[in-house]
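Remarks on the structure that follows.
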Amino acid sequence: MAITTFLFDLDGTLMDTDALHHHAFNTILARWDRSIGVDDYKTHIMGHTNASIFGYLFPGMPASQYIPLADEKEQLFRAQLDQKVEPMAGIHALLDHVQQIGGSTAVVTNAPRANAELMLKASGLASRFETLVISDELARGKPDPLPYLTALQRLGAQAQHAVAFEDSSSGVKAASAAGLYTFGMLTGLDEEKLKAAGASAAIRDFTAPALWAHIKAAG
């Protein structure tokens, strides 16, 4: 079946911003003389919602206390986006292909809307997607499949005609649970971890021959 719908995570998928997030979290944690390492970040932070993240970082802390910290962390992250952010290699060629075939696109992210809109603007990709699905605006975020099911519904698309791109375990789980052929992006996790989460294949970026071979074979 031809692939006509392309669904993209944002952080670590359309652009590699994980180092900026990691720095922002450690800036907050430094007040408690704490820090989080890269491996811990990849396991417990990357791809999760802020509610899940701050519940992990500050177990037992009421939401009323961690929400201001989460807001501050996002402000610290956005302050680092003061220059153009390079999008992932090959993304423009892929989006050109989608346009040529009359396909549809969406960004599906656990990032807050303010972050997502600024990142898309900084990368020059803001005008290239039909819809932006924000997990925090839904009843459930990733790893629940609801954000991807919502994207399919908004686009009037079916999972068998779609592919998803994700870099985190929670994102891969969400996309695969929605019935999507899911490419795991090797920006943060290795192929073994991505496939363990449910990825159909693993690619480095959007120039990967495996991606284009899959599109051609499905066509």
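FYI, nothing fancy with the structure tokens labels: chains A, B, ... in order, residues from 1 per chain, ligands from 1 as they appear.
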Inset, instruction - Using only C-alpha atoms, determine which residues lie at most 8 Å from region 62-74 of chain A, disregarding the query and same-chain residues fewer than 2 positions distant; provide the list as an NGL selection string. - result: :A and (24-25 or 28 or 50-51 or 54 or 58 or 60 or 76-78 or 115)
Inset, instruction - Enumerate, as a ChimeraX atom specification, the complete set of residues in region 34-189 of chain A that a backbone-based DSSP assignment places in alpha helix (DSSP H). - result: /A:38-40,50-57,63-79,91-101,113-123,146-155,169-177
Legend entry - Non-local contacts of Thr182 (chain A) (8 Å; only C-alpha atoms; under 5 positions in same chain excluded) as a ChimeraX atom specification: /A:163-166,172,175-176,198-201
Inset, instruction - In Å, rounded to a single decimal, give me how far CA of Met46 (chain A) is from CA of Asp11 (chain A). - result: 8.6 Å
Legend entry - Using only C-alpha atoms: which of A:Ile36, A:Glu191, A:Leu10, A:Gln75 has the shortest distance to Tyr56 (chain A): A:Ile36
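Note that CA of Gly184 (chain A) and CA of Glu137 (chain A) are 24.4 Å apart.
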